[in-house]
>>> print(open('target.txt').read())   # compact mmCIF, C-alpha atoms and all ligand atoms
# COMPACT_ATOMS: atom_id res chain seq x y z
CA MET A 1 0.00 0.00 0.00
CA ALA A 2 1.38 3.34 -0.95
CA ALA A 3 0.31 6.78 -2.02
CA LEU A 4 1.73 9.73 -3.92
CA ILE A 5 0.72 13.11 -2.56
CA CYS A 6 1.28 16.20 -4.70
CA GLU A 7 0.67 19.86 -3.99
CA ILE A 8 0.36 22.32 -6.84
CA VAL A 9 1.40 25.80 -5.73
CA TYR A 10 0.14 28.50 -8.04
CA ARG A 11 -0.81 32.15 -8.28
CA GLY A 12 -4.49 32.78 -7.69
CA ILE A 13 -6.51 33.74 -10.77
CA PHE A 14 -3.42 33.96 -13.00
CA GLN A 15 -2.85 30.23 -12.83
CA LYS A 16 -6.11 28.91 -11.43
CA ASN A 17 -7.16 27.13 -14.61
CA LEU A 18 -3.67 25.82 -15.17
CA ALA A 19 -3.47 24.38 -11.64
CA SER A 20 -6.87 22.74 -11.89
CA ARG A 21 -5.93 21.19 -15.22
CA ILE A 22 -2.75 19.79 -13.70
CA ALA A 23 -4.64 18.39 -10.70
CA ARG A 24 -7.30 16.89 -12.92
CA GLY A 25 -4.65 15.52 -15.28
CA ILE A 26 -2.92 13.79 -12.36
CA VAL A 27 -6.13 12.04 -11.35
CA LEU A 28 -6.99 10.94 -14.88
CA SER A 29 -3.41 9.81 -15.54
CA ALA A 30 -3.52 7.82 -12.31
CA ARG A 31 -6.66 6.04 -13.41
CA LYS A 32 -5.07 5.27 -16.77
CA SER A 33 -2.09 3.88 -14.86
CA GLY A 34 -4.32 1.54 -12.85
CA ARG A 35 -4.26 3.64 -9.68
CA TRP A 36 -6.80 5.65 -7.72
CA GLY A 37 -6.74 9.41 -7.52
CA ILE A 38 -8.46 12.51 -6.21
CA ALA A 39 -7.76 16.26 -6.36
CA PHE A 40 -8.97 19.19 -4.29
CA GLY A 41 -8.21 22.85 -3.61
CA ARG A 42 -6.85 24.32 -0.43
CA TYR A 43 -8.82 27.53 -0.06
CA GLY A 44 -12.23 28.97 -0.55
CA ASP A 45 -11.09 32.58 -0.39
CA SER A 46 -7.61 33.55 -1.43
CA PRO A 47 -7.24 31.89 -4.84
CA GLN A 48 -9.67 34.41 -6.20
CA ARG A 49 -7.24 37.29 -5.62
CA ASN A 50 -4.77 38.20 -8.31
CA GLY A 51 -1.39 36.68 -7.68
CA ILE A 52 -2.06 35.45 -4.12
CA PRO A 53 -0.33 32.09 -3.72
CA ALA A 54 -2.77 29.20 -3.50
CA LYS A 55 -2.67 25.42 -3.58
CA ASP A 56 -4.38 22.44 -5.13
CA PHE A 57 -3.63 18.93 -3.97
CA ALA A 58 -3.75 15.62 -5.82
CA ILE A 59 -3.46 12.21 -4.21
CA VAL A 60 -2.78 9.00 -6.08
CA ALA A 61 -3.01 5.67 -4.28
CA ASP A 62 -2.57 1.99 -4.96
CA SER A 63 -6.00 1.15 -3.64
CA LYS A 64 -9.32 2.73 -2.88
CA GLU A 65 -8.77 2.20 0.86
CA GLU A 66 -5.42 3.94 0.76
CA LEU A 67 -6.99 6.84 -1.08
CA GLU A 68 -9.82 7.14 1.43
CA GLN A 69 -7.38 7.07 4.30
CA ASN A 70 -5.47 10.01 2.82
CA MET A 71 -8.65 11.90 2.01
CA ALA A 72 -9.56 11.89 5.70
CA ARG A 73 -7.10 14.75 6.27
CA TYR A 74 -8.17 18.35 5.81
CA GLU A 75 -4.97 18.95 3.91
CA PRO A 76 -1.76 16.99 3.60
CA LYS A 77 0.96 18.00 6.05
CA HIS A 78 3.64 16.33 3.94
CA VAL A 79 3.79 15.90 0.21
CA ASP A 80 5.96 13.74 -2.01
CA VAL A 81 6.04 16.26 -4.83
CA THR A 82 5.69 20.03 -4.63
CA ILE A 83 4.74 21.35 -8.06
CA CYS A 84 5.44 25.05 -8.51
CA VAL A 85 4.34 26.68 -11.75
CA ASP A 86 5.88 30.09 -11.14
CA ASP A 87 9.50 30.30 -10.03
CA THR A 88 9.00 33.64 -8.29
CA LEU A 89 7.22 31.49 -5.68
CA SER A 90 10.59 29.95 -4.88
CA LYS A 91 11.03 32.91 -2.51
CA GLY A 92 8.28 31.48 -0.35
CA VAL A 93 4.55 31.35 -0.12
CA GLU A 94 2.47 33.76 1.93
CA SER A 95 -1.25 33.36 1.81
CA TRP A 96 -4.08 34.38 4.05
CA ALA A 97 -4.02 31.28 6.10
CA TRP A 98 -0.37 30.84 7.05
CA TYR A 99 0.30 34.09 8.84
CA GLY A 100 3.87 34.21 7.74
CA LEU A 101 6.10 32.92 5.02
CA GLN A 102 6.10 29.25 4.12
CA PRO A 103 9.21 28.07 2.25
CA ILE A 104 8.21 26.50 -1.05
CA ASN A 105 9.73 23.19 0.06
CA ARG A 106 8.27 23.17 3.56
CA LEU A 107 5.79 20.33 2.97
CA THR A 108 8.11 18.35 0.71
CA VAL A 109 9.09 15.08 2.44
CA PRO A 110 12.78 14.19 2.89
CA ASN A 111 14.05 12.94 -0.48
CA GLY A 112 10.85 14.20 -2.08
CA THR A 113 10.81 16.44 -5.14
CA VAL A 114 10.20 20.10 -5.85
CA LEU A 115 9.15 20.26 -9.50
CA MET A 116 9.34 23.75 -10.93
CA THR A 117 8.98 25.50 -14.27
CA SER A 118 11.93 27.84 -14.59
CA LEU A 119 14.58 29.17 -16.93
CA GLN A 120 16.88 29.99 -14.03
CA ARG A 121 19.95 27.97 -13.12
CA PHE A 122 19.72 25.56 -10.20
CA ASP A 123 22.15 27.65 -8.17
CA ASP A 124 20.20 30.86 -8.80
CA LEU A 125 16.99 29.25 -7.65
CA LEU A 126 18.71 27.93 -4.53
CA GLN A 127 19.56 31.48 -3.54
CA ASP A 128 15.82 31.95 -3.11
CA ILE A 129 14.55 28.54 -2.00
CA HIS A 130 14.95 28.26 1.76
CA LYS A 131 17.20 25.64 3.31
CA LYS A 132 15.52 22.44 4.36
CA ASP A 133 16.42 20.08 7.19
CA ALA A 134 16.56 17.15 4.80
CA PRO A 135 17.86 16.57 1.29
CA TYR A 136 15.40 16.65 -1.58
CA GLN A 137 15.37 16.67 -5.38
CA LEU A 138 14.90 19.84 -7.41
CA SER A 139 13.49 19.04 -10.84
CA LEU A 140 13.16 21.67 -13.53
CA ILE A 141 11.04 21.91 -16.61
CA ARG A 142 12.66 24.54 -18.75
CA ALA A 143 9.85 27.04 -19.27
CA LYS A 144 8.85 30.46 -18.04
CA ALA A 145 6.00 30.93 -15.61
CA SER A 146 2.85 30.02 -17.44
CA PHE A 147 -0.45 31.85 -17.40
CA SER A 148 -2.00 29.56 -20.00
CA GLY A 149 -5.65 29.13 -19.24
CA LEU A 150 -6.11 32.87 -18.87
CA TRP A 151 -7.97 34.13 -21.89
CA VAL A 152 -5.32 36.35 -23.46
CA TYR A 153 -2.28 34.18 -22.87
CA LYS A 154 -0.84 31.73 -25.31
CA GLU A 155 -1.31 28.04 -24.72
CA ASP A 156 2.11 26.59 -23.90
CA HIS A 157 1.41 22.97 -22.90
CA THR A 158 2.61 23.50 -19.33
CA GLU A 159 -0.04 21.21 -17.87
CA VAL A 160 0.98 18.22 -19.97
CA ARG A 161 4.67 18.90 -19.48
CA ILE A 162 4.11 18.74 -15.74
CA LEU A 163 2.30 15.42 -16.18
CA GLY A 164 5.12 14.03 -18.33
CA ALA A 165 7.65 15.12 -15.69
CA LEU A 166 5.62 13.48 -12.95
CA ALA A 167 5.68 10.20 -14.86
CA LYS A 168 9.48 10.41 -14.67
CA ILE A 169 9.48 11.34 -10.98
CA ALA A 170 6.93 8.79 -9.78
CA PRO A 171 6.63 6.00 -12.36
CA ALA A 172 5.07 3.65 -9.82
CA PHE A 173 2.00 5.89 -9.73
CA LEU A 174 1.83 7.61 -13.10
CA THR A 175 3.20 5.74 -16.10
CA LEU A 176 4.11 7.68 -19.21
CA ASP A 177 1.59 5.56 -21.12
CA GLY A 178 -1.04 6.42 -18.54
CA VAL A 179 -0.26 10.12 -18.86
CA CYS A 180 -0.37 9.98 -22.68
CA GLY A 181 -3.64 8.06 -22.58
CA ALA A 182 -5.19 10.62 -20.25
CA ILE A 183 -4.04 13.55 -22.37
CA LYS A 184 -5.60 12.00 -25.45
CA GLU A 185 -8.90 11.60 -23.68
CA MET A 186 -9.16 15.01 -22.06
CA GLU A 187 -10.99 17.67 -24.01
CA TRP A 188 -7.82 19.71 -24.23
CA GLY A 189 -5.97 16.70 -25.54
CA SER A 190 -4.11 16.54 -28.84
CA ASP A 191 -1.28 14.53 -30.35
CA LEU A 192 0.94 17.58 -30.04
CA LYS A 193 0.29 17.69 -26.31
CA VAL A 194 1.14 14.01 -26.01
CA GLU A 195 4.47 14.81 -27.66
CA SER A 196 5.04 17.68 -25.22
CA ALA A 197 4.49 15.34 -22.28
CA LYS A 198 6.98 12.86 -23.71
CA LYS A 199 9.55 15.59 -24.27
CA ALA A 200 9.19 16.80 -20.70
CA TYR A 201 9.68 13.21 -19.53
CA ALA A 202 12.89 12.94 -21.56
CA ARG A 203 14.27 16.40 -20.82
CA LEU A 204 13.50 16.79 -17.14
CA GLU A 205 16.54 18.15 -15.30
CA THR A 206 16.98 16.97 -11.72
CA ARG A 207 19.58 17.66 -9.09
CA GLU A 208 19.80 16.67 -5.46
CA VAL A 209 19.74 19.56 -3.01
CA LYS A 210 21.90 18.96 0.04
CA LEU A 211 21.18 20.01 3.61
CA THR A 212 23.72 22.79 3.32
CA GLU A 213 22.18 24.37 0.23
CA GLY A 214 19.54 27.05 -0.02
CA ASN A 215 18.65 30.45 1.35
CA ALA A 216 19.69 30.52 5.01
CA GLU A 217 17.31 33.34 6.00
CA VAL A 218 14.72 32.54 8.62
CA PRO A 219 11.31 33.05 6.97
CA PHE A 220 9.38 35.85 8.60
CA SER A 221 6.59 34.94 10.98
CA PHE A 222 4.64 36.72 13.67
CA GLU A 223 2.41 36.04 16.63
CA MET A 224 -1.27 36.39 15.94
CA PRO A 225 -3.44 37.55 18.85
CA LYS A 226 -4.96 34.71 20.90
CA TRP A 227 -8.71 34.61 21.22
CA TRP A 228 -8.55 35.73 24.84
CA GLU A 229 -6.47 38.72 23.85
CA MET A 230 -8.97 40.01 21.31
CA ARG A 231 -11.23 42.95 21.96
CA GLU A 232 -14.96 42.47 22.34
CA GLY A 233 -16.95 43.25 19.24
CA VAL A 234 -15.58 44.20 15.87
CA THR A 235 -13.71 47.45 15.55
CA ILE A 236 -11.73 48.53 12.56
CA PRO A 237 -9.33 51.23 13.66
CA ALA A 238 -8.40 53.95 11.22
CA ILE A 239 -4.92 53.69 9.78
CA PRO A 240 -2.62 55.54 12.18
CA LEU A 241 -0.60 58.47 10.95
CA GLY A 242 2.73 57.51 9.51
CA LYS A 243 6.11 58.63 10.69
CA PRO A 244 8.17 61.58 9.56
CA LYS A 245 11.51 60.78 8.01
CA GLU A 246 14.80 62.60 8.37
CA ALA A 247 13.74 65.60 10.47
CA GLY A 248 10.37 65.89 8.82
CA LYS A 249 11.71 66.16 5.32
CA GLY A 250 10.15 62.85 4.34
CA TYR A 251 7.28 60.63 5.38
CA VAL A 252 6.70 56.89 5.86
CA PRO A 253 3.04 55.84 5.81
CA GLU A 254 1.71 53.25 8.26
CA ARG A 255 1.21 49.81 6.73
CA ASN A 256 -0.33 46.54 7.75
CA PRO A 257 2.38 44.81 9.79
CA TYR A 258 0.92 41.34 9.38
CA PHE A 259 -0.04 40.75 5.82
CA LYS A 260 3.15 41.73 4.07
CA LYS A 261 1.97 40.83 0.59
CA TYR A 262 5.31 40.79 -1.11
CA THR A 263 5.13 37.10 -1.97
CA THR A 264 2.19 37.94 -4.20
CA ARG A 265 4.67 39.81 -6.34
CA THR A 266 5.81 38.44 -9.69
CA MET A 267 7.30 41.78 -10.73
CA ARG A 268 8.54 44.83 -8.87
CA PRO A 269 8.88 48.48 -9.82
CA VAL A 270 12.35 49.83 -10.48
CA VAL A 271 12.49 53.62 -10.21
CA ASN A 272 14.73 56.00 -12.09
CA PHE A 273 15.02 58.74 -9.46
CA ASP A 274 17.01 60.94 -11.83
CA THR A 275 14.04 61.40 -14.17
CA CYS A 276 11.29 61.54 -11.52
CA VAL A 277 9.41 64.86 -11.71
CA LYS A 278 7.90 64.41 -8.21
CA CYS A 279 4.37 64.53 -9.52
CA THR A 280 3.08 62.32 -6.63
CA LEU A 281 0.96 60.12 -8.90
CA CYS A 282 2.64 56.85 -7.92
CA TRP A 283 2.29 57.74 -4.24
CA ILE A 284 -1.39 58.61 -4.56
CA GLN A 285 -2.35 55.70 -6.78
CA CYS A 286 -0.48 52.82 -5.12
CA PRO A 287 -3.27 50.66 -3.62
CA ASP A 288 -0.98 49.47 -0.82
CA SER A 289 0.54 52.80 0.30
CA CYS A 290 3.95 51.46 -0.62
CA PHE A 291 5.69 54.68 -1.43
CA ASP A 292 7.77 56.47 1.17
CA VAL A 293 8.15 60.19 0.57
CA MET A 294 11.87 60.77 0.52
CA PRO A 295 13.64 63.89 1.84
CA ASP A 296 14.29 65.14 -1.70
CA GLY A 297 10.62 64.78 -2.70
CA THR A 298 11.00 61.62 -4.78
CA TYR A 299 9.15 58.41 -3.94
CA ASP A 300 10.64 55.08 -2.94
CA ALA A 301 8.50 51.94 -3.25
CA ASN A 302 8.83 49.90 -0.05
CA MET A 303 9.50 46.32 -1.09
CA GLU A 304 8.20 44.86 2.16
CA SER A 305 4.72 45.93 1.17
CA CYS A 306 4.64 46.12 -2.63
CA CYS A 307 2.41 43.43 -4.14
CA GLY A 308 3.70 44.13 -7.64
CA CYS A 309 0.43 45.24 -9.18
CA GLY A 310 2.07 47.62 -11.68
CA VAL A 311 -0.29 50.55 -11.06
CA CYS A 312 2.64 52.88 -10.37
CA GLU A 313 4.25 52.03 -13.70
CA ALA A 314 0.96 52.62 -15.46
CA VAL A 315 0.30 56.04 -13.90
CA CYS A 316 3.81 57.48 -13.97
CA PRO A 317 3.78 60.18 -16.65
CA VAL A 318 7.52 60.05 -17.32
CA GLU A 319 8.57 57.49 -19.86
CA LYS A 320 10.50 54.59 -18.31
CA CYS A 321 10.77 56.34 -14.96
CA ILE A 322 9.12 53.32 -13.34
CA THR A 323 9.65 49.92 -14.96
CA MET A 324 8.19 46.65 -13.72
CA VAL A 325 10.86 43.93 -13.70
CA ASN A 326 10.65 40.17 -13.13
CA GLU A 327 10.85 39.51 -9.39
CA SER A 328 13.16 36.56 -9.79
CA VAL A 329 16.17 38.77 -10.63
CA PHE A 330 16.21 40.45 -7.21
CA GLU A 331 17.97 39.13 -4.14
CA ASP A 332 16.60 41.34 -1.39
CA ASN A 333 14.01 43.99 -0.51
CA ALA A 334 16.50 46.80 0.08
CA SER A 335 15.57 50.42 -0.56
CA GLN A 336 16.30 51.52 -4.12
CA TRP A 337 16.39 55.15 -3.07
CA GLU A 338 19.06 54.52 -0.44
CA MET A 339 21.13 52.74 -3.04
CA TRP A 340 20.67 55.70 -5.40
CA ARG A 341 21.52 58.25 -2.68
CA LYS A 342 24.73 56.42 -1.79
CA ASP A 343 26.13 56.10 -5.29
CA LYS A 344 24.15 57.41 -8.25
CA ASP A 345 26.45 56.00 -10.92
CA LYS A 346 26.40 52.58 -9.32
CA TYR A 347 22.62 52.73 -9.03
CA HIS A 348 22.33 53.59 -12.70
CA VAL A 349 24.41 50.54 -13.62
CA TRP A 350 22.30 48.35 -11.30
CA MET A 351 19.03 49.76 -12.63
CA THR A 352 20.06 49.33 -16.28
CA GLU A 353 21.14 45.78 -15.61
CA LYS A 354 17.90 44.85 -13.84
CA ILE A 355 15.66 46.46 -16.45
CA GLY A 356 17.66 44.86 -19.24
CA ASP A 357 17.71 41.41 -17.69
CA LYS A 358 16.01 39.01 -20.02
CA LYS A 359 17.39 35.74 -18.73
CA ALA A 360 14.46 35.16 -16.44
CA THR A 361 12.19 36.14 -19.34
CA VAL A 362 10.18 39.26 -19.74
CA ARG A 363 6.99 39.28 -17.73
CA SER A 364 4.08 41.51 -18.42
CA HIS A 365 1.14 42.83 -16.51
CA GLY A 366 -0.90 42.87 -19.66
CA PHE A 367 -1.35 45.67 -22.08
CA ARG A 368 -0.08 49.16 -21.84
CA PHE A 369 -2.02 50.85 -24.60
CA ARG A 370 -5.21 50.42 -26.59
CA GLY A 371 -4.69 48.17 -29.59
CA GLN A 372 -1.61 46.42 -28.17
CA TYR A 373 -3.34 43.04 -28.24
CA ASP A 374 -4.24 43.51 -31.90
CA GLU A 375 -0.66 44.46 -32.64
CA GLU A 376 0.68 41.38 -30.89
CA LEU A 377 -1.76 39.13 -32.71
CA LYS A 378 -0.72 40.61 -36.02
CA SER A 379 2.97 40.06 -35.36
CA ASP A 380 2.20 36.49 -34.29
CA LEU A 381 0.25 35.96 -37.50
CA ASP A 382 3.07 37.42 -39.57
CA ALA A 383 5.40 34.98 -37.86
CA GLY A 384 3.30 32.04 -39.00
CA GLY A 385 0.36 31.98 -36.62
CA VAL A 386 0.00 30.60 -33.12
CA GLU A 387 -2.60 29.07 -30.91
CA ILE A 388 -3.73 31.95 -28.72
CA THR A 389 -5.62 29.81 -26.25
CA ALA A 390 -6.68 26.27 -26.54
CA GLY A 391 -6.93 24.72 -23.19
CA ILE A 392 -9.78 26.00 -21.09
CA PRO A 393 -11.85 22.92 -20.29
CA GLY A 394 -15.39 23.18 -21.50
CA GLU A 395 -14.67 25.92 -23.99
CA ASN A 396 -14.60 25.46 -27.72
CA ALA A 397 -10.84 25.49 -27.75
CA GLN A 398 -10.47 24.23 -31.28
CA HIS A 399 -12.00 27.43 -32.62
CA LYS A 400 -9.45 29.65 -30.94
CA THR A 401 -6.48 29.03 -33.17
CA VAL A 402 -5.36 31.88 -35.37
S1 LIG A 501 3.59 47.78 -8.02
FE1 LIG A 501 3.60 49.97 -7.57
S2 LIG A 501 1.44 50.51 -7.27
FE2 LIG A 501 1.59 48.27 -7.11
S3 LIG A 501 1.85 47.81 -4.94
FE3 LIG A 501 3.91 47.99 -5.81
S4 LIG A 501 4.50 50.10 -5.52
FE4 LIG A 501 2.30 50.01 -5.24
S1 LIG A 502 4.69 58.90 -10.83
FE1 LIG A 502 6.76 58.84 -11.70
S2 LIG A 502 7.34 60.99 -11.98
FE2 LIG A 502 5.57 60.96 -10.62
S3 LIG A 502 6.47 60.93 -8.57
FE3 LIG A 502 6.12 58.81 -9.12
S4 LIG A 502 8.06 58.13 -10.03
FE4 LIG A 502 8.11 60.37 -9.97
>>> encode(input="target.txt", output="structure tokens", more="lines below")
Ligand code: SF4
Ligand code: SF4
Amino acid sequence: MAALICEIVYRGIFQKNLASRIARGIVLSARKSGRWGIAFGRYGDSPQRNGIPAKDFAIVADSKEELEQNMARYEPKHVDVTICVDDTLSKGVESWAWYGLQPINRLTVPNGTVLMTSLQRFDDLLQDIHKKDAPYQLSLIRAKASFSGLWVYKEDHTEVRILGALAKIAPAFLTLDGVCGAIKEMEWGSDLKVESAKKAYARLETREVKLTEGNAEVPFSFEMPKWWEMREGVTIPAIPLGKPKEAGKGYVPERNPYFKKYTTRTMRPVVNFDTCVKCTLCWIQCPDSCFDVMPDGTYDANMESCCGCGVCEAVCPVEKCITMVNESVFEDNASQWEMWRKDKDKYHVWMTEKIGDKKATVRSHGFRFRGQYDEELKSDLDAGGVEITAGIPGENAQHKTV
């Protein structure tokens, strides 16, 4: 008797369809492999918020009894495989329910596997993934974070590549034949997708991560009030006044100390303080009051609170003064303004390098001007045509190829 327990860690809304297709694919592949399977989601609330980390689980078992035994838990405390479909989550997972930061590998059993889609090198990822008190395997599917399943993003076969990789990782539960059979039967199935699964099976890169490897930082956590410490009734205090900065020449707004939000971030703003015209728009429009007013009147986005929504970039009237950059190329949450104040030339080099970094792939928050989607479609068509979306279960996917 044995079971394979998988968690699928994903970004709410952006990857909701993708995660559910992976979970469903695991169950169907298990059945095709002569096993039992079930899948379920972790939350009723947070997955519906843009970018908030969320989880689905899938359990595969040798027998019906084994499956039922595992289903008796509210959620698995340990998983054999952690599937992560956005490598910016390698910095940790903070959702509503954990009250702190959960390392991406926290539930992974000793000698289990973290399976991730990423174009980063193993060593770069291990600068972000927290250390674990047991060795485990890190397996990579070479792909950028996928938003396939959202209506405007291109279909990229991520769900079947994950299934193919799982067949390699846990052949006793999911055979490659079982995976291919399931893909053919699902409504998003196609021969091309079967080939993608086989390629992922053949090309999966895996490396053991030793006890000594990984980000040594202690993940942040905090004490929540106990029930006997809470006030009677419901009161929502007004946000207190912030604090002045540097003899009143600047200002730091008060922020929620508990829900830090920065793990929701897939991109962060990089500010060119030399071109800022101090118009205040970023400061006013930021939904999370992230911007500190600096002594010189410029605005510094506080990376402990920025959720990476991109509003500041959209409202800034100065071209390329604020640029959203892939979160995976940053190592810390240090103040950009302080870096700029200390050494402007050095900051300029740093800023240019970060904005120009393409190795972790360009990410986008969508469209910056009216007609951009049409333009992108046209260039795709000129390049030979692509499937723009083909995988949303229940939709007439076959009619969405241009
Ligand atoms: S991306 Fe900009 S607007 Fe959005 S939370 Fe961060 S600082 Fe605020
Ligand atoms: S919106 Fe742009 S120009 Fe205006 S204050 Fe913010 S960074 Fe400076």
>>> residues_near_ligand(input="target.txt", ligand="ligand LIG 502 (chain A)", cutoff="10 Å", atoms="all atoms listed in the file", output="PyMOL selection string")
chain A and resi 269-286+291+293+297-301+311-323
>>> residues_near_point(input="target.txt", point="(-6.6, 29.8, -14.3)", cutoff="9 Å", atoms="only C-alpha atoms", output="list of chain:residue names")
A:Arg11, A:Gly12, A:Ile13, A:Phe14, A:Gln15, A:Lys16, A:Asn17, A:Leu18, A:Ala19, A:Ser20, A:Arg21, A:Phe147, A:Ser148, A:Gly149, A:Leu150, A:Trp151, A:Ile392
>>> closest_residue(input="target.txt", among="A:Arg265, A:Lys55, A:Lys342, A:Lys378", to="ligand LIG 501 (chain A)", atoms="all atoms listed in the file")
A:Arg265
>>> atom_distance(input="target.txt", atom1="CA of His130 (chain A)", atom2="CA of Leu211 (chain A)")
10.5 Å
>>> closest_residue(input="target.txt", among="A:Asn256, A:Asn302, A:Thr113, A:Thr263", to="Thr88 (chain A)", atoms="only C-alpha atoms")
A:Thr263
>>> atom_distance(input="target.txt", atom1="CA of Pro219 (chain A)", atom2="CA of Pro244 (chain A)")
28.8 Å
>>> closest_residue(input="target.txt", among="A:Ala197, A:Arg207, A:Tyr99, A:Met351", to="Pro225 (chain A)", atoms="all atoms listed in the file")
A:Tyr99
>>> closest_residue(input="target.txt", among="A:Asp177, A:Arg363, A:Cys309, A:Glu68", to="Gly51 (chain A)", atoms="only C-alpha atoms")
A:Cys309
>>> closest_residue(input="target.txt", among="A:Lys358, A:Arg268, A:Lys346, A:Lys243", to="ligand LIG 501 (chain A)", atoms="all atoms listed in the file")
A:Arg268
>>> atom_distance(input="target.txt", atom1="CA of Met267 (chain A)", atom2="CA of Trp350 (chain A)")
16.4 Å
>>> closest_residue(input="target.txt", among="A:Val60, A:Ile8, A:Leu115, A:Met224", to="Gly41 (chain A)", atoms="all atoms listed in the file")
A:Ile8
>>> axis_aligned_box(input="target.txt", around="ligand LIG 501 (chain A)", padding_each_side="3 Å", output="lines of an AutoDock Vina configuration file")
center_x = 3.0
center_y = 49.1
center_z = -6.5
size_x = 9.1
size_y = 8.7
size_z = 9.1
>>> residues_around(input="target.txt", residues="region 157-164 of chain A", least_positions_apart="5", cutoff="8 Å", atoms="all atoms listed in the file", output="compact mmCIF listing (two decimals) with C-alpha atoms, in the frame of the given file")
# COMPACT_ATOMS: atom_id res chain seq x y z
CA LEU A 18 -3.67 25.82 -15.17
CA ALA A 19 -3.47 24.38 -11.64
CA ARG A 21 -5.93 21.19 -15.22
CA ILE A 22 -2.75 19.79 -13.70
CA GLY A 25 -4.65 15.52 -15.28
CA ILE A 26 -2.92 13.79 -12.36
CA ILE A 141 11.04 21.91 -16.61
CA SER A 146 2.85 30.02 -17.44
CA SER A 148 -2.00 29.56 -20.00
CA LEU A 176 4.11 7.68 -19.21
CA VAL A 179 -0.26 10.12 -18.86
CA ILE A 183 -4.04 13.55 -22.37
CA LYS A 193 0.29 17.69 -26.31
CA VAL A 194 1.14 14.01 -26.01
CA SER A 196 5.04 17.68 -25.22
CA ALA A 197 4.49 15.34 -22.28
CA LYS A 198 6.98 12.86 -23.71
CA LYS A 199 9.55 15.59 -24.27
CA ALA A 200 9.19 16.80 -20.70
CA TYR A 201 9.68 13.21 -19.53
>>> decode(input="target.txt", residues="region 154-168 of chain A", atoms="N, CA and C atoms", output="PDB file, in the first residue's frame")
ATOM      1  N   LYS A 154      -1.021  32.821 -24.367  1.00  0.00           N
ATOM      2  CA  LYS A 154      -0.842  31.726 -25.307  1.00  0.00           C
ATOM      3  C   LYS A 154      -0.803  30.390 -24.583  1.00  0.00           C
ATOM      4  N   GLU A 155      -1.381  29.414 -25.206  1.00  0.00           N
ATOM      5  CA  GLU A 155      -1.305  28.043 -24.720  1.00  0.00           C
ATOM      6  C   GLU A 155       0.131  27.566 -24.869  1.00  0.00           C
ATOM      7  N   ASP A 156       0.704  27.004 -23.812  1.00  0.00           N
ATOM      8  CA  ASP A 156       2.110  26.593 -23.902  1.00  0.00           C
ATOM      9  C   ASP A 156       2.369  25.166 -23.409  1.00  0.00           C
ATOM     10  N   HIS A 157       1.302  24.394 -23.239  1.00  0.00           N
ATOM     11  CA  HIS A 157       1.415  22.965 -22.902  1.00  0.00           C
ATOM     12  C   HIS A 157       2.006  22.701 -21.509  1.00  0.00           C
ATOM     13  N   THR A 158       2.006  23.705 -20.655  1.00  0.00           N
ATOM     14  CA  THR A 158       2.612  23.497 -19.332  1.00  0.00           C
ATOM     15  C   THR A 158       1.947  22.349 -18.572  1.00  0.00           C
ATOM     16  N   GLU A 159       0.622  22.245 -18.666  1.00  0.00           N
ATOM     17  CA  GLU A 159      -0.039  21.212 -17.867  1.00  0.00           C
ATOM     18  C   GLU A 159       0.414  19.812 -18.260  1.00  0.00           C
ATOM     19  N   VAL A 160       0.577  19.566 -19.559  1.00  0.00           N
ATOM     20  CA  VAL A 160       0.981  18.217 -19.969  1.00  0.00           C
ATOM     21  C   VAL A 160       2.472  17.993 -19.740  1.00  0.00           C
ATOM     22  N   ARG A 161       3.235  19.052 -19.773  1.00  0.00           N
ATOM     23  CA  ARG A 161       4.671  18.895 -19.483  1.00  0.00           C
ATOM     24  C   ARG A 161       4.860  18.527 -18.012  1.00  0.00           C
ATOM     25  N   ILE A 162       4.048  19.113 -17.161  1.00  0.00           N
ATOM     26  CA  ILE A 162       4.110  18.737 -15.739  1.00  0.00           C
ATOM     27  C   ILE A 162       3.746  17.252 -15.585  1.00  0.00           C
ATOM     28  N   LEU A 163       2.715  16.826 -16.297  1.00  0.00           N
ATOM     29  CA  LEU A 163       2.300  15.417 -16.177  1.00  0.00           C
ATOM     30  C   LEU A 163       3.400  14.486 -16.678  1.00  0.00           C
ATOM     31  N   GLY A 164       4.020  14.851 -17.804  1.00  0.00           N
ATOM     32  CA  GLY A 164       5.119  14.027 -18.328  1.00  0.00           C
ATOM     33  C   GLY A 164       6.263  13.947 -17.325  1.00  0.00           C
ATOM     34  N   ALA A 165       6.573  15.093 -16.691  1.00  0.00           N
ATOM     35  CA  ALA A 165       7.652  15.117 -15.693  1.00  0.00           C
ATOM     36  C   ALA A 165       7.297  14.245 -14.489  1.00  0.00           C
ATOM     37  N   LEU A 166       6.035  14.297 -14.092  1.00  0.00           N
ATOM     38  CA  LEU A 166       5.618  13.478 -12.947  1.00  0.00           C
ATOM     39  C   LEU A 166       5.762  11.990 -13.234  1.00  0.00           C
ATOM     40  N   ALA A 167       5.522  11.618 -14.484  1.00  0.00           N
ATOM     41  CA  ALA A 167       5.682  10.200 -14.862  1.00  0.00           C
ATOM     42  C   ALA A 167       7.136   9.775 -14.678  1.00  0.00           C
ATOM     43  N   LYS A 168       8.051  10.711 -14.879  1.00  0.00           N
ATOM     44  CA  LYS A 168       9.475  10.411 -14.671  1.00  0.00           C
ATOM     45  C   LYS A 168       9.803  10.340 -13.177  1.00  0.00           C
TER      46      LYS A 168
END
